[in-house]
file query27.json (JSON, C-alpha atoms)
[["chain", "number", "residue", "atom", "x", "y", "z"],
["A", 1, "MET", "CA", -16.79, -4.35, -7.25],
["A", 2, "THR", "CA", -18.38, -5.60, -4.08],
["A", 3, "LYS", "CA", -22.10, -5.86, -3.76],
["A", 4, "HIS", "CA", -23.71, -3.01, -1.90],
["A", 5, "ASN", "CA", -26.91, -1.05, -1.49],
["A", 6, "ALA", "CA", -26.25, 2.68, -1.97],
["A", 7, "LYS", "CA", -29.31, 3.79, 0.01],
["A", 8, "ASN", "CA", -28.28, 1.61, 2.93],
["A", 9, "GLU", "CA", -24.75, 3.00, 2.79],
["A", 10, "ARG", "CA", -26.08, 6.53, 3.23],
["A", 11, "ILE", "CA", -28.39, 5.52, 6.07],
["A", 12, "LYS", "CA", -25.55, 3.71, 7.84],
["A", 13, "ARG", "CA", -23.32, 6.71, 7.36],
["A", 14, "ALA", "CA", -25.84, 9.03, 9.04],
["A", 15, "TYR", "CA", -26.19, 6.53, 11.88],
["A", 16, "PHE", "CA", -22.41, 6.33, 12.38],
["A", 17, "THR", "CA", -22.25, 10.13, 12.55],
["A", 18, "TYR", "CA", -25.02, 10.04, 15.15],
["A", 19, "LEU", "CA", -23.18, 7.42, 17.21],
["A", 20, "ARG", "CA", -19.92, 9.31, 17.05],
["A", 21, "GLU", "CA", -21.13, 12.86, 17.55],
["A", 22, "ALA", "CA", -24.36, 12.64, 19.56],
["A", 23, "ARG", "CA", -23.71, 9.46, 21.53],
["A", 24, "ARG", "CA", -19.96, 10.11, 21.78],
["A", 25, "ARG", "CA", -19.08, 6.55, 20.86],
["A", 26, "ASP", "CA", -15.44, 5.72, 20.32],
["A", 27, "GLU", "CA", -14.28, 5.06, 16.78],
["A", 28, "ALA", "CA", -13.69, 1.41, 17.66],
["A", 29, "SER", "CA", -17.29, 1.04, 18.87],
["A", 30, "VAL", "CA", -18.58, 2.54, 15.63],
["A", 31, "ASP", "CA", -16.35, 0.11, 13.73],
["A", 32, "GLY", "CA", -17.96, -2.77, 15.60],
["A", 33, "VAL", "CA", -21.44, -1.54, 14.71],
["A", 34, "ALA", "CA", -20.37, -1.08, 11.07],
["A", 35, "LYS", "CA", -19.08, -4.63, 10.89],
["A", 36, "ALA", "CA", -22.23, -6.06, 12.48],
["A", 37, "LEU", "CA", -24.49, -4.10, 10.15],
["A", 38, "SER", "CA", -22.60, -5.24, 7.07],
["A", 39, "ARG", "CA", -22.91, -8.84, 8.26],
["A", 40, "PHE", "CA", -26.63, -8.38, 8.55],
["A", 41, "GLU", "CA", -26.86, -6.75, 5.13],
["A", 42, "GLU", "CA", -24.95, -9.59, 3.58],
["A", 43, "ALA", "CA", -27.21, -12.14, 5.26],
["A", 44, "ALA", "CA", -30.31, -10.26, 4.06],
["A", 45, "GLY", "CA", -28.99, -10.16, 0.49],
["A", 46, "HIS", "CA", -28.26, -6.38, 0.55],
["A", 47, "ARG", "CA", -31.97, -5.63, 0.64],
["A", 48, "ASP", "CA", -33.10, -2.12, 1.30],
["A", 49, "PHE", "CA", -33.39, -1.25, 4.99],
["A", 50, "ALA", "CA", -36.77, 0.29, 4.11],
["A", 51, "ALA", "CA", -37.95, -3.21, 3.18],
["A", 52, "PHE", "CA", -37.00, -4.56, 6.58],
["A", 53, "HIS", "CA", -39.14, -7.36, 7.92],
["A", 54, "ARG", "CA", -38.77, -9.04, 11.27],
["A", 55, "GLU", "CA", -38.32, -12.37, 9.53],
["A", 56, "GLN", "CA", -35.01, -11.03, 8.14],
["A", 57, "ALA", "CA", -33.78, -10.48, 11.69],
["A", 58, "VAL", "CA", -34.94, -13.94, 12.76],
["A", 59, "ALA", "CA", -33.19, -15.53, 9.77],
["A", 60, "PHE", "CA", -30.03, -13.59, 10.58],
["A", 61, "LYS", "CA", -30.12, -14.83, 14.16],
["A", 62, "ARG", "CA", -30.52, -18.37, 12.93],
["A", 63, "LYS", "CA", -27.53, -17.92, 10.63],
["A", 64, "LEU", "CA", -25.45, -16.59, 13.51],
["A", 65, "ASP", "CA", -26.36, -19.62, 15.64],
["A", 66, "ALA", "CA", -25.62, -22.10, 12.89],
["B", 1, "MET", "CA", 0.16, 16.68, 6.97],
["B", 2, "PRO", "CA", 0.96, 15.11, 3.63],
["B", 3, "ARG", "CA", 2.20, 11.57, 3.61],
["B", 4, "THR", "CA", 4.73, 10.44, 1.09],
["B", 5, "ARG", "CA", 3.49, 6.87, 1.08],
["B", 6, "ILE", "CA", -0.15, 5.85, 1.10],
["B", 7, "ASP", "CA", -1.15, 2.88, 3.19],
["B", 8, "PRO", "CA", -4.28, 1.31, 1.61],
["B", 9, "ARG", "CA", -5.05, -0.43, 4.90],
["B", 10, "ARG", "CA", -6.03, 2.87, 6.49],
["B", 11, "ALA", "CA", -9.36, 2.55, 4.66],
["B", 12, "LYS", "CA", -11.86, 0.67, 6.82],
["B", 13, "LEU", "CA", -13.69, -2.11, 5.00],
["B", 14, "HIS", "CA", -17.16, -1.50, 6.42],
["B", 15, "ARG", "CA", -17.18, 2.29, 6.19],
["B", 16, "SER", "CA", -17.86, 4.70, 3.37],
["B", 17, "TYR", "CA", -15.96, 7.88, 2.69],
["B", 18, "THR", "CA", -16.59, 11.22, 1.01],
["B", 19, "VAL", "CA", -13.89, 12.88, -1.07],
["B", 20, "GLU", "CA", -12.97, 15.10, 1.90],
["B", 21, "GLU", "CA", -12.73, 12.12, 4.22],
["B", 22, "VAL", "CA", -10.54, 10.23, 1.77],
["B", 23, "ALA", "CA", -8.27, 13.27, 1.55],
["B", 24, "ARG", "CA", -8.03, 13.56, 5.34],
["B", 25, "LEU", "CA", -7.55, 9.83, 5.81],
["B", 26, "PHE", "CA", -4.53, 9.58, 3.53],
["B", 27, "GLY", "CA", -3.20, 13.09, 3.95],
["B", 28, "VAL", "CA", -3.62, 13.94, 0.28],
["B", 29, "HIS", "CA", -5.35, 16.86, -1.38],
["B", 30, "ARG", "CA", -9.04, 16.69, -2.21],
["B", 31, "ASN", "CA", -8.16, 17.00, -5.87],
["B", 32, "THR", "CA", -6.01, 13.88, -5.55],
["B", 33, "ALA", "CA", -8.98, 11.99, -4.18],
["B", 34, "ARG", "CA", -11.12, 13.28, -7.05],
["B", 35, "ALA", "CA", -8.41, 12.26, -9.50],
["B", 36, "TRP", "CA", -8.56, 8.73, -8.07],
["B", 37, "MET", "CA", -12.28, 8.67, -8.76],
["B", 38, "LYS", "CA", -11.65, 9.78, -12.32],
["B", 39, "ALA", "CA", -9.01, 7.07, -12.63],
["B", 40, "GLY", "CA", -11.51, 4.36, -11.82],
["B", 41, "LEU", "CA", -12.30, 4.50, -8.10],
["B", 42, "ALA", "CA", -16.03, 3.72, -8.15],
["B", 43, "ALA", "CA", -18.53, 5.70, -6.08],
["B", 44, "ILE", "CA", -21.51, 3.83, -4.63],
["B", 45, "ASP", "CA", -23.98, 5.82, -6.77],
["B", 46, "ASP", "CA", -24.33, 9.08, -8.68],
["B", 47, "ALA", "CA", -25.79, 11.06, -5.78],
["B", 48, "LYS", "CA", -24.00, 13.85, -3.92],
["B", 49, "PRO", "CA", -21.95, 13.81, -1.81],
["B", 50, "ALA", "CA", -20.09, 11.10, -3.67],
["B", 51, "LEU", "CA", -19.35, 8.18, -1.38],
["B", 52, "VAL", "CA", -16.73, 5.49, -1.79],
["B", 53, "GLN", "CA", -16.89, 2.19, 0.03],
["B", 54, "GLY", "CA", -13.85, 1.49, 2.16],
["B", 55, "VAL", "CA", -13.43, -1.97, 0.66],
["B", 56, "THR", "CA", -13.42, -0.51, -2.86],
["B", 57, "LEU", "CA", -11.01, 2.23, -1.84],
["B", 58, "ARG", "CA", -8.58, -0.23, -0.33],
["B", 59, "ALA", "CA", -8.72, -2.54, -3.34],
["B", 60, "PHE", "CA", -8.18, 0.41, -5.71],
["B", 61, "LEU", "CA", -5.12, 1.69, -3.85],
["B", 62, "GLU", "CA", -3.66, -1.79, -3.46],
["B", 63, "ALA", "CA", -4.06, -2.43, -7.19],
["B", 64, "ARG", "CA", -2.37, 0.88, -7.96],
["B", 65, "ARG", "CA", 0.53, 0.10, -5.67],
["B", 66, "LYS", "CA", 0.89, -3.35, -7.21],
["B", 67, "ALA", "CA", 0.87, -1.89, -10.72],
["B", 68, "ALA", "CA", 3.60, 0.57, -9.71],
["B", 69, "ARG", "CA", 5.99, -2.18, -8.64],
["B", 70, "ARG", "CA", 9.03, -2.44, -10.90],
["B", 71, "PRO", "CA", 10.85, -5.67, -10.13],
["B", 72, "CYS", "CA", 14.35, -5.74, -11.58],
["B", 73, "PRO", "CA", 14.85, -8.46, -14.19],
["B", 74, "PRO", "CA", 17.88, -10.73, -13.70],
["B", 75, "GLY", "CA", 21.14, -9.03, -14.53],
["B", 76, "THR", "CA", 20.02, -5.59, -13.45],
["B", 77, "LEU", "CA", 20.03, -3.40, -10.37],
["B", 78, "TYR", "CA", 17.58, -0.58, -9.76],
["B", 79, "CYS", "CA", 18.89, 2.83, -10.77],
["B", 80, "PHE", "CA", 17.16, 5.56, -8.80],
["B", 81, "LYS", "CA", 18.09, 8.22, -11.32],
["B", 82, "CYS", "CA", 16.77, 6.31, -14.37],
["B", 83, "ARG", "CA", 13.93, 4.86, -12.24],
["B", 84, "ASP", "CA", 14.38, 1.51, -13.92],
["B", 85, "GLY", "CA", 16.38, -1.69, -13.71],
["B", 86, "ARG", "CA", 19.76, -1.15, -15.38],
["B", 87, "ALA", "CA", 22.65, -3.44, -16.17],
["B", 88, "PRO", "CA", 25.95, -2.66, -14.46],
["B", 89, "ALA", "CA", 28.37, -0.58, -16.55],
["B", 90, "LEU", "CA", 31.14, -2.72, -18.15],
["B", 91, "GLY", "CA", 29.80, -5.70, -16.22],
["B", 92, "MET", "CA", 31.63, -4.54, -13.13],
["B", 93, "VAL", "CA", 29.92, -5.34, -9.85],
["B", 94, "ASP", "CA", 31.26, -5.24, -6.33],
["B", 95, "PHE", "CA", 29.82, -7.22, -3.49],
["B", 96, "VAL", "CA", 30.69, -6.04, -0.02],
["B", 97, "THR", "CA", 30.18, -8.89, 2.39],
["B", 98, "ARG", "CA", 28.91, -8.32, 5.88],
["B", 99, "GLU", "CA", 28.94, -10.51, 8.96],
["B", 100, "THR", "CA", 25.45, -11.92, 8.50],
["B", 101, "GLY", "CA", 26.09, -13.56, 5.13],
["B", 102, "ALA", "CA", 24.16, -10.91, 3.29],
["B", 103, "GLY", "CA", 25.97, -8.03, 1.64],
["B", 104, "ASP", "CA", 25.67, -5.02, -0.58],
["B", 105, "LEU", "CA", 25.90, -5.21, -4.35],
["B", 106, "ARG", "CA", 27.28, -2.03, -5.83],
["B", 107, "ALA", "CA", 27.65, -1.09, -9.47],
["B", 108, "PHE", "CA", 27.49, 1.87, -11.80],
["B", 109, "CYS", "CA", 24.48, 2.35, -14.04],
["B", 110, "GLU", "CA", 25.39, 1.68, -17.66],
["B", 111, "VAL", "CA", 23.26, 4.61, -18.82],
["B", 112, "CYS", "CA", 23.83, 7.44, -16.37],
["B", 113, "GLY", "CA", 26.73, 6.25, -14.23],
["B", 114, "THR", "CA", 24.88, 6.57, -10.95],
["B", 115, "VAL", "CA", 25.93, 4.18, -8.21],
["B", 116, "MET", "CA", 23.30, 1.48, -7.81],
["B", 117, "HIS", "CA", 22.91, -0.63, -4.70],
["B", 118, "ARG", "CA", 21.16, -3.79, -3.83],
["B", 119, "ARG", "CA", 21.12, -5.85, -0.68],
["B", 120, "ALA", "CA", 21.68, -9.51, -1.51],
["B", 121, "LYS", "CA", 22.66, -12.84, -0.06],
["B", 122, "GLU", "CA", 25.93, -14.18, -1.31],
["B", 123, "ALA", "CA", 24.24, -17.43, -2.31],
["B", 124, "ALA", "CA", 21.71, -15.55, -4.46],
["B", 125, "LEU", "CA", 24.27, -13.66, -6.55],
["B", 126, "GLY", "CA", 24.04, -16.18, -9.39],
["B", 127, "ALA", "CA", 20.31, -15.65, -9.68],
["B", 128, "ILE", "CA", 20.44, -11.86, -9.45],
["B", 129, "LEU", "CA", 23.36, -11.36, -11.84],
["B", 130, "PRO", "CA", 23.62, -14.50, -13.96],
["B", 131, "GLY", "CA", 26.91, -14.97, -15.76],
["B", 132, "MET", "CA", 28.40, -11.79, -14.38],
["B", 133, "ALA", "CA", 31.74, -11.64, -12.64],
["B", 134, "VAL", "CA", 31.08, -10.22, -9.21],
["B", 135, "ARG", "CA", 34.12, -8.96, -7.32],
["B", 136, "ILE", "CA", 33.67, -10.02, -3.75],
["B", 137, "MET", "CA", 35.16, -7.59, -1.32],
["B", 138, "GLY", "CA", 35.67, -8.28, 2.35],
["B", 139, "GLY", "CA", 33.57, -6.29, 4.69],
["B", 140, "GLU", "CA", 34.80, -4.47, 7.71],
["B", 141, "GLY", "CA", 36.14, -6.37, 10.64],
["B", 142, "ARG", "CA", 33.98, -7.18, 13.58],
["B", 143, "ILE", "CA", 35.93, -5.04, 15.98],
["B", 144, "ALA", "CA", 35.39, -1.59, 14.64],
["B", 145, "GLU", "CA", 35.02, 1.40, 16.86],
["B", 146, "ARG", "CA", 32.04, 2.67, 14.94],
["B", 147, "PRO", "CA", 30.26, 0.50, 12.36],
["B", 148, "ARG", "CA", 29.61, 2.29, 9.13],
["B", 149, "PRO", "CA", 25.93, 2.16, 8.25],
["B", 150, "SER", "CA", 25.08, 0.05, 5.24],
["B", 151, "LEU", "CA", 24.46, 1.73, 1.89],
["B", 152, "ASN", "CA", 25.72, 5.09, 3.09],
["B", 153, "CYS", "CA", 27.27, 6.16, -0.15],
["B", 154, "ALA", "CA", 27.01, 9.94, 0.03],
["B", 155, "GLU", "CA", 30.74, 10.55, -0.29],
["B", 156, "GLN", "CA", 31.22, 7.94, -3.02],
["B", 157, "ARG", "CA", 28.93, 9.60, -5.52],
["B", 158, "PRO", "CA", 30.72, 10.82, -8.63],
["B", 159, "GLN", "CA", 31.23, 14.56, -8.52],
["B", 160, "THR", "CA", 29.33, 16.42, -11.18],
["B", 161, "PRO", "CA", 31.45, 19.10, -12.82]]
call {"tool": "encode", "arguments": {"input": "query27.json", "output": "C-alpha coordinates"}}
result
Amino acid sequence: MTKHNAKNERIKRAYFTYLREARRRDEASVDGVAKALSRFEEAAGHRDFAAFHREQAVAFKRKLDA
Amino acid sequence: MPRTRIDPRRAKLHRSYTVEEVARLFGVHRNTARAWMKAGLAAIDDAKPALVQGVTLRAFLEARRKAARRPCPPGTLYCFKCRDGRAPALGMVDFVTRETGAGDLRAFCEVCGTVMHRRAKEAALGAILPGMAVRIMGGEGRIAERPRPSLNCAEQRPQTP
(Lines of atoms letter the chains of each structure in order from A and count residues from 1; the text may use other names and numbers.)
(Lines give C-alpha, C1' and ligand atoms only; values in the text may rest on other atoms or scores of the structure.)
Protein backbone atom coordinates (compact mmCIF):
# COMPACT_ATOMS: atom_id res chain seq x y z
CA MET A 1 0.00 0.00 0.00
CA THR A 2 1.46 3.31 -1.05
CA LYS A 3 1.42 6.25 1.28
CA HIS A 4 -1.34 8.73 0.61
CA ASN A 5 -3.52 11.37 2.20
CA ALA A 6 -7.21 10.60 1.56
CA LYS A 7 -8.36 14.20 2.03
CA ASN A 8 -5.78 15.41 -0.46
CA GLU A 9 -6.85 12.75 -2.94
CA ARG A 10 -10.42 14.06 -2.87
CA ILE A 11 -9.31 17.68 -3.22
CA LYS A 12 -7.06 16.78 -6.15
CA ARG A 13 -9.89 14.86 -7.74
CA ALA A 14 -12.22 17.87 -7.59
CA TYR A 15 -9.46 20.03 -9.05
CA PHE A 16 -8.87 17.60 -11.94
CA THR A 17 -12.59 17.64 -12.71
CA TYR A 18 -12.47 21.45 -12.71
CA LEU A 19 -9.48 21.47 -15.07
CA ARG A 20 -11.07 18.99 -17.42
CA GLU A 21 -14.64 20.26 -17.48
CA ALA A 22 -14.48 23.99 -16.72
CA ARG A 23 -11.06 24.83 -18.13
CA ARG A 24 -11.34 22.25 -20.94
CA ARG A 25 -7.84 20.94 -20.35
CA ASP A 26 -6.75 17.90 -22.31
CA GLU A 27 -6.40 14.64 -20.43
CA ALA A 28 -2.63 14.76 -20.94
CA SER A 29 -2.45 18.21 -19.33
CA VAL A 30 -4.41 16.97 -16.33
CA ASP A 31 -2.01 14.02 -16.12
CA GLY A 32 0.90 16.44 -15.97
CA VAL A 33 -0.73 18.40 -13.15
CA ALA A 34 -1.50 15.13 -11.31
CA LYS A 35 2.10 14.03 -11.54
CA ALA A 36 3.42 17.41 -10.36
CA LEU A 37 1.01 17.49 -7.43
CA SER A 38 1.97 14.00 -6.32
CA ARG A 39 5.64 15.00 -6.45
CA PHE A 40 4.88 17.93 -4.21
CA GLU A 41 2.86 15.78 -1.82
CA GLU A 42 5.68 13.30 -1.58
CA ALA A 43 8.18 16.06 -0.90
CA ALA A 44 5.91 17.54 1.79
CA GLY A 45 5.53 14.14 3.46
CA HIS A 46 1.86 13.69 2.39
CA ARG A 47 0.80 16.48 4.72
CA ASP A 48 -2.71 17.79 4.51
CA PHE A 49 -3.18 20.53 1.91
CA ALA A 50 -5.10 22.42 4.60
CA ALA A 51 -1.85 22.61 6.58
CA PHE A 52 -0.05 24.22 3.67
CA HIS A 53 2.68 26.66 4.54
CA ARG A 54 4.75 28.66 2.11
CA GLU A 55 7.89 27.11 3.55
CA GLN A 56 6.71 23.75 2.12
CA ALA A 57 6.67 25.28 -1.35
CA VAL A 58 10.11 26.81 -0.85
CA ALA A 59 11.50 23.48 0.36
CA PHE A 60 9.96 21.74 -2.64
CA LYS A 61 11.58 24.23 -4.99
CA ARG A 62 14.90 23.65 -3.32
CA LYS A 63 14.47 19.90 -3.74
CA LEU A 64 13.67 20.35 -7.42
CA ASP A 65 16.82 22.44 -7.92
CA ALA A 66 19.03 19.99 -6.07
CA MET B 1 -17.70 -2.49 -24.74
CA PRO B 2 -16.44 -5.37 -22.64
CA ARG B 3 -12.83 -6.33 -22.96
CA THR B 4 -11.77 -9.91 -22.69
CA ARG B 5 -8.35 -9.05 -21.32
CA ILE B 6 -7.67 -6.38 -18.74
CA ASP B 7 -4.58 -4.26 -19.15
CA PRO B 8 -3.48 -3.06 -15.67
CA ARG B 9 -1.46 -0.28 -17.28
CA ARG B 10 -4.63 1.56 -18.24
CA ALA B 11 -4.82 2.75 -14.62
CA LYS B 12 -2.94 6.03 -14.23
CA LEU B 13 -0.56 6.10 -11.28
CA HIS B 14 -1.32 9.61 -10.05
CA ARG B 15 -5.10 9.52 -10.42
CA SER B 16 -7.85 8.12 -8.26
CA TYR B 17 -10.91 6.29 -9.51
CA THR B 18 -14.46 5.65 -8.34
CA VAL B 19 -16.09 2.28 -8.90
CA GLU B 20 -17.88 3.64 -11.98
CA GLU B 21 -14.65 5.02 -13.40
CA VAL B 22 -12.85 1.73 -12.84
CA ALA B 23 -15.68 -0.05 -14.64
CA ARG B 24 -15.53 2.36 -17.58
CA LEU B 25 -11.73 2.28 -17.72
CA PHE B 26 -11.47 -1.48 -18.08
CA GLY B 27 -14.79 -2.13 -19.78
CA VAL B 28 -16.07 -4.31 -16.96
CA HIS B 29 -19.30 -4.15 -15.01
CA ARG B 30 -19.56 -2.01 -11.89
CA ASN B 31 -20.20 -5.15 -9.89
CA THR B 32 -16.88 -6.54 -11.12
CA ALA B 33 -15.12 -3.45 -9.84
CA ARG B 34 -16.91 -3.82 -6.50
CA ALA B 35 -15.93 -7.48 -6.41
CA TRP B 36 -12.29 -6.44 -6.84
CA MET B 37 -12.65 -4.19 -3.82
CA LYS B 38 -14.08 -7.06 -1.82
CA ALA B 39 -11.20 -9.23 -3.00
CA GLY B 40 -8.65 -6.88 -1.51
CA LEU B 41 -8.45 -3.77 -3.68
CA ALA B 42 -8.02 -1.08 -1.02
CA ALA B 43 -9.97 2.18 -1.12
CA ILE B 44 -8.22 5.33 0.12
CA ASP B 45 -10.65 5.70 3.05
CA ASP B 46 -14.13 4.69 4.20
CA ALA B 47 -15.88 7.76 2.80
CA LYS B 48 -18.28 7.75 -0.14
CA PRO B 49 -17.82 7.68 -3.06
CA ALA B 50 -15.18 5.02 -2.57
CA LEU B 51 -11.96 6.01 -4.31
CA VAL B 52 -9.11 3.78 -5.40
CA GLN B 53 -5.66 5.11 -6.14
CA GLY B 54 -4.45 4.33 -9.63
CA VAL B 55 -1.16 2.96 -8.34
CA THR B 56 -3.01 0.57 -6.01
CA LEU B 57 -5.38 -0.47 -8.76
CA ARG B 58 -2.56 -1.26 -11.14
CA ALA B 59 -0.62 -3.22 -8.54
CA PHE B 60 -3.76 -5.20 -7.62
CA LEU B 61 -4.55 -6.16 -11.21
CA GLU B 62 -0.93 -7.00 -11.97
CA ALA B 63 -0.75 -9.25 -8.92
CA ARG B 64 -3.96 -10.98 -9.97
CA ARG B 65 -2.67 -11.55 -13.48
CA LYS B 66 0.60 -12.90 -12.11
CA ALA B 67 -1.24 -15.26 -9.77
CA ALA B 68 -3.31 -16.55 -12.70
CA ARG B 69 -0.26 -17.60 -14.70
CA ARG B 70 0.03 -21.37 -15.07
CA PRO B 71 3.47 -22.21 -16.40
CA CYS B 72 3.69 -25.75 -17.70
CA PRO B 73 6.14 -27.93 -15.76
CA PRO B 74 8.71 -29.84 -17.84
CA GLY B 75 7.22 -32.77 -19.68
CA THR B 76 3.84 -31.18 -20.19
CA LEU B 77 2.02 -29.07 -22.74
CA TYR B 78 -0.92 -26.83 -21.94
CA CYS B 79 -4.29 -28.44 -22.58
CA PHE B 80 -6.93 -25.80 -23.22
CA LYS B 81 -9.76 -28.17 -22.41
CA CYS B 82 -8.33 -29.30 -19.04
CA ARG B 83 -6.91 -25.79 -18.45
CA ASP B 84 -3.74 -27.29 -17.07
CA GLY B 85 -0.38 -28.65 -18.11
CA ARG B 86 -0.79 -32.26 -19.26
CA ALA B 87 1.64 -34.94 -20.32
CA PRO B 88 1.36 -36.18 -23.89
CA ALA B 89 -0.71 -39.35 -24.31
CA LEU B 90 1.47 -42.49 -24.72
CA GLY B 91 4.52 -40.22 -24.78
CA MET B 92 3.87 -39.45 -28.42
CA VAL B 93 4.88 -35.97 -29.53
CA ASP B 94 5.30 -34.55 -32.99
CA PHE B 95 7.45 -31.59 -33.79
CA VAL B 96 6.74 -29.85 -37.06
CA THR B 97 9.79 -27.86 -38.05
CA ARG B 98 9.50 -24.55 -39.80
CA GLU B 99 12.01 -22.50 -41.73
CA THR B 100 13.05 -20.27 -38.84
CA GLY B 101 14.35 -23.05 -36.60
CA ALA B 102 11.35 -22.87 -34.34
CA GLY B 103 8.48 -25.28 -34.79
CA ASP B 104 5.23 -26.54 -33.41
CA LEU B 105 5.01 -29.28 -30.80
CA ARG B 106 1.82 -31.27 -31.12
CA ALA B 107 0.52 -34.01 -28.87
CA PHE B 108 -2.69 -35.45 -27.51
CA CYS B 109 -3.68 -34.76 -23.92
CA GLU B 110 -3.34 -37.90 -21.81
CA VAL B 111 -6.56 -37.10 -19.96
CA CYS B 112 -9.04 -35.82 -22.52
CA GLY B 113 -7.36 -36.50 -25.86
CA THR B 114 -7.48 -32.91 -27.03
CA VAL B 115 -4.71 -31.83 -29.38
CA MET B 116 -2.24 -29.66 -27.51
CA HIS B 117 0.17 -27.29 -29.19
CA ARG B 118 3.24 -25.44 -28.19
CA ARG B 119 5.63 -23.29 -30.15
CA ALA B 120 9.21 -24.31 -29.40
CA LYS B 121 12.75 -24.07 -30.63
CA GLU B 122 14.23 -27.33 -31.74
CA ALA B 123 17.19 -26.81 -29.41
CA ALA B 124 14.85 -26.40 -26.42
CA LEU B 125 12.98 -29.68 -26.91
CA GLY B 126 15.14 -31.47 -24.33
CA ALA B 127 14.25 -28.93 -21.68
CA ILE B 128 10.53 -28.83 -22.48
CA LEU B 129 10.03 -32.59 -22.79
CA PRO B 130 12.92 -34.26 -20.98
CA GLY B 131 13.48 -37.91 -21.84
CA MET B 132 10.62 -38.02 -24.29
CA ALA B 133 10.97 -39.28 -27.83
CA VAL B 134 9.89 -36.44 -30.07
CA ARG B 135 9.13 -37.37 -33.67
CA ILE B 136 10.54 -34.61 -35.80
CA MET B 137 8.53 -34.02 -38.92
CA GLY B 138 9.67 -31.91 -41.81
CA GLY B 139 7.78 -28.75 -42.37
CA GLU B 140 6.42 -27.58 -45.65
CA GLY B 141 8.76 -26.58 -48.40
CA ARG B 142 9.69 -23.01 -48.96
CA ILE B 143 8.02 -22.78 -52.32
CA ALA B 144 4.41 -23.26 -51.47
CA GLU B 145 1.66 -21.45 -53.26
CA ARG B 146 -0.08 -20.55 -50.04
CA PRO B 147 1.62 -21.03 -46.66
CA ARG B 148 -0.57 -22.74 -44.14
CA PRO B 149 -0.87 -20.64 -40.99
CA SER B 150 0.80 -22.09 -37.95
CA LEU B 151 -1.29 -23.90 -35.34
CA ASN B 152 -4.36 -23.97 -37.54
CA CYS B 153 -5.65 -27.30 -36.40
CA ALA B 154 -9.39 -26.95 -36.89
CA GLU B 155 -9.70 -29.89 -39.27
CA GLN B 156 -7.38 -32.13 -37.24
CA ARG B 157 -9.50 -32.13 -34.13
CA PRO B 158 -10.91 -35.55 -33.26
CA GLN B 159 -14.54 -35.81 -34.22
CA THR B 160 -16.85 -36.22 -31.27
CA PRO B 161 -19.50 -38.86 -31.90
call {"tool": "interface_residues", "arguments": {"input": "query27.json", "of": "chain B", "to": "chain A", "cutoff": "8 Å", "atoms": "all atoms listed in the file", "output": "ChimeraX atom specification"}}
result
/B:14-16,44-45,55-56
call {"tool": "atom_distance", "arguments": {"input": "query27.json", "atom1": "atom CA of Ala39 of chain B", "atom2": "atom CA of Arg70 of chain B"}}
result
20.5 Å
call {"tool": "atom_distance", "arguments": {"input": "query27.json", "atom1": "atom CA of Leu77 of chain B", "atom2": "atom CA of Ala107 of chain B"}}
result
8.0 Å
call {"tool": "residues_around", "arguments": {"input": "query27.json", "residues": "segment 116-126 of chain B", "least_positions_apart": "6", "cutoff": "7 Å", "atoms": "all atoms listed in the file", "output": "PyMOL selection string"}}
result
chain B and resi 77-79+101-109
call {"tool": "atom_distance", "arguments": {"input": "query27.json", "atom1": "atom CA of Ala28 of chain A", "atom2": "atom CA of Val52 of chain B"}}
result
20.1 Å
call {"tool": "residues_around", "arguments": {"input": "query27.json", "residues": "Gly40 of chain B", "least_positions_apart": "5", "cutoff": "12 Å", "atoms": "only C-alpha atoms", "output": "PyMOL selection string"}}
result
(chain A and resi 1) or (chain B and resi 33-35+52+56-57+59-61+63-64)
call {"tool": "closest_residue", "arguments": {"input": "query27.json", "among": "B:Val134, B:Leu41, B:Cys112, B:Val93", "to": "Lys81 of chain B", "atoms": "only C-alpha atoms"}}
result
B:Cys112
call {"tool": "closest_residue", "arguments": {"input": "query27.json", "among": "B:Met132, B:Cys72, B:Ala67, B:Ala127", "to": "Gly91 of chain B", "atoms": "all atoms listed in the file"}}
result
B:Met132
call {"tool": "axis_aligned_box", "arguments": {"input": "query27.json", "around": "segment 46-49 of chain A", "padding_each_side": "3 Å", "output": "AutoDock Vina command-line options"}}
result
--center_x -30.8 --center_y -3.8 --center_z 2.8 --size_x 11.1 --size_y 11.1 --size_z 10.4
call {"tool": "closest_residue", "arguments": {"input": "query27.json", "among": "B:Ala89, B:Ile6, B:Ala42, B:Val111", "to": "Thr18 of chain B", "atoms": "only C-alpha atoms"}}
result
B:Ala42
call {"tool": "closest_residue", "arguments": {"input": "query27.json", "among": "B:Arg86, B:Arg98, B:Arg5, B:His29", "to": "Gly113 of chain B", "atoms": "all atoms listed in the file"}}
result
B:Arg86
